[in-house]
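Data file: run_27.tsv. Format and content: TSV, C-alpha atoms.
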```tsv
chain	number	residue	atom	x	y	z
A	72	MET	CA	112.27	107.26	145.92
A	73	LYS	CA	110.19	108.27	142.90
A	74	LYS	CA	106.48	107.47	143.19
A	75	HIS	CA	104.76	106.00	140.15
A	76	ARG	CA	101.09	106.64	139.62
A	77	ILE	CA	99.05	103.86	138.05
A	78	THR	CA	95.74	105.10	136.74
A	79	THR	CA	93.11	102.71	135.49
A	80	LYS	CA	89.39	102.97	134.89
A	81	SER	CA	88.80	100.40	137.62
A	82	ASN	CA	90.19	100.27	141.13
A	83	TRP	CA	91.20	96.63	140.68
A	84	ASN	CA	91.95	95.84	137.07
A	85	LEU	CA	95.34	96.59	135.63
A	86	ASN	CA	96.03	96.33	131.95
A	87	CYS	CA	98.96	94.21	130.77
A	88	LYS	CA	101.20	97.20	130.17
A	89	GLU	CA	100.70	98.35	133.76
A	90	ALA	CA	101.20	94.82	135.07
A	91	THR	CA	104.54	94.37	133.29
A	92	PHE	CA	105.67	97.78	134.56
A	93	LEU	CA	104.71	96.84	138.11
A	94	THR	CA	106.44	93.47	137.73
A	95	GLU	CA	109.68	95.30	136.98
A	96	LEU	CA	109.19	97.65	139.93
A	97	SER	CA	108.36	94.75	142.24
A	98	LYS	CA	111.83	93.27	141.67
A	99	GLU	CA	113.19	96.37	143.39
A	100	GLY	CA	110.64	96.16	146.21
A	101	LYS	CA	109.05	99.50	145.31
A	102	LEU	CA	105.35	98.60	145.38
A	103	SER	CA	102.79	99.61	147.93
A	104	MET	CA	100.58	96.93	149.44
A	105	SER	CA	97.62	97.95	147.28
A	106	LEU	CA	99.70	97.75	144.08
A	107	ARG	CA	101.10	94.37	145.10
A	108	ILE	CA	97.56	93.08	145.60
A	109	ARG	CA	96.38	94.51	142.27
A	110	LEU	CA	99.37	92.97	140.49
A	111	TRP	CA	98.75	89.62	142.20
A	112	TYR	CA	95.12	89.74	141.08
A	113	HIS	CA	96.09	90.54	137.49
A	114	LEU	CA	98.64	87.71	137.43
A	115	THR	CA	96.00	85.23	138.61
A	116	VAL	CA	93.77	86.02	135.63
A	117	CYS	CA	96.39	86.73	132.93
A	118	PRO	CA	98.64	83.79	131.98
A	119	PRO	CA	100.87	85.83	129.59
A	120	CYS	CA	101.72	88.34	132.34
A	121	LYS	CA	102.29	85.52	134.80
A	122	ARG	CA	104.71	83.94	132.30
A	123	PHE	CA	106.41	87.33	131.80
A	124	LYS	CA	106.99	87.65	135.54
A	125	LYS	CA	108.42	84.15	135.75
A	126	GLN	CA	110.72	84.76	132.78
A	127	THR	CA	111.91	88.15	133.97
A	128	LEU	CA	112.76	86.77	137.41
A	129	LEU	CA	114.65	83.88	135.83
A	130	LEU	CA	116.54	86.26	133.56
A	131	ALA	CA	117.45	88.53	136.48
A	132	GLU	CA	118.75	85.51	138.42
A	133	LYS	CA	120.82	84.31	135.45
A	134	LEU	CA	122.29	87.77	134.90
A	135	LYS	CA	123.14	88.06	138.58
A	136	ASN	CA	124.89	84.68	138.50
A	137	LEU	CA	126.73	85.65	135.33
A	138	GLY	CA	127.93	88.84	137.02
A	139	ASN	CA	129.23	86.81	139.96
A	140	SER	CA	131.40	84.58	137.81
A	141	SER	CA	134.74	86.22	137.26
A	142	ASN	CA	135.68	84.76	133.90
A	143	HIS	CA	132.78	83.26	132.00
A	144	SER	CA	132.80	82.65	128.29
A	145	LEU	CA	130.97	80.19	126.13
A	146	GLU	CA	132.73	77.29	124.50
A	147	ASN	CA	132.40	77.02	120.73
A	148	SER	CA	130.09	74.02	121.11
A	149	GLU	CA	127.82	76.05	123.42
A	150	LYS	CA	127.78	78.92	120.93
A	151	ARG	CA	126.82	76.56	118.09
A	152	GLN	CA	124.08	74.98	120.21
A	153	LEU	CA	122.61	78.39	121.06
A	154	GLN	CA	122.77	79.47	117.42
A	155	GLU	CA	120.94	76.31	116.34
A	156	GLN	CA	118.24	76.87	118.96
A	157	ILE	CA	117.74	80.46	117.79
A	158	GLU	CA	117.55	79.39	114.15
A	159	GLN	CA	115.04	76.63	114.96
A	160	ALA	CA	112.87	79.03	116.94
A	161	LEU	CA	112.92	81.58	114.11
A	162	ALA	CA	112.08	78.93	111.51
A	163	LYS	CA	109.20	77.68	113.66
A	164	LYS	CA	107.92	81.23	114.12
A	165	ASN	CA	108.10	81.97	110.38
A	166	LYS	CA	106.12	78.79	109.56
A	167	GLY	CA	103.34	79.69	112.01
```
Could you take the file, read its structure, and then write that structure out as structure tokens?
Amino acid sequence: MKKHRITTKSNWNLNCKEATFLTELSKEGKLSMSLRIRLWYHLTVCPPCKRFKKQTLLLAEKLKNLGNSSNHSLENSEKRQLQEQIEQALAKKNKG
């Protein structure tokens, strides 16, 4: 198992880049106790990183479920609905 070294100016504070990296590693169970505590602390004070962790876990679950289904394809109506949602999100982003 490859060890990853996280170096920060403080013993406690992680930056967001480190926190997202550790979030990905934590899904594989590759964090030491001290890194798990530091990540937990960062997630308690950083809502965007907390949201990232929630979203990445949800995405991993969805991909796992998709891999378990033997023959999954979207219906045309589902494809249209997804396309509309993407277009609405892009339009909203471009307005803001």
Rank A:Ala162, A:Glu149, A:Leu128, A:Asn86 by their smallest atom-to-atom distance to A:Glu99, using only C-alpha atoms, and report the top residue only.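 Ranked by minimum distance to A:Glu99, first place goes to A:Leu128.
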Pull the neighbourhood of (109.0, 92.2, 140.9) for me: all residues within 10 Å in file coordinates, counting all atoms listed in the file, as JSON, numbers by chain. {"A": [91, 92, 93, 94, 95, 96, 97, 98, 99, 100, 101, 102, 107, 110, 124, 125, 127, 128]}
Closest of A:Asn147, A:Lys135, A:Ser103, A:Ala90 to A:Lys121 - atom-to-atom distances counting only C-alpha atoms: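 Selected residue with least distance to A:Lys121: A:Ala90.
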What does the distance from atom CA of A:His113 to atom CA of A:Trp83 come to in Å, to one decimal? 8.4 Å
Provide the atom CA of A:Gln154 to atom CA of A:Leu134 distance in Å, to one decimal place. 19.4 Å
Using only C-alpha atoms, which of A:Glu89, A:Glu132, A:Glu158, A:Lys166 sits nearest A:Arg109?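 When distances to A:Arg109 are compared using only C-alpha atoms, the smallest one comes from A:Glu89.
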Here atom CA of A:Leu137 and atom CA of A:Leu114 stand apart by 28.2 Å
Once 8 Å is added on each side, what centre and edge lengths in Å to one decimal does the axis-aligned box around all listed atoms of stretch 114-117 of chain A have, as JSON?
```
{"center_x": 96.2, "center_y": 86.5, "center_z": 135.8, "size_x": 20.9, "size_y": 18.5, "size_z": 21.7}
```
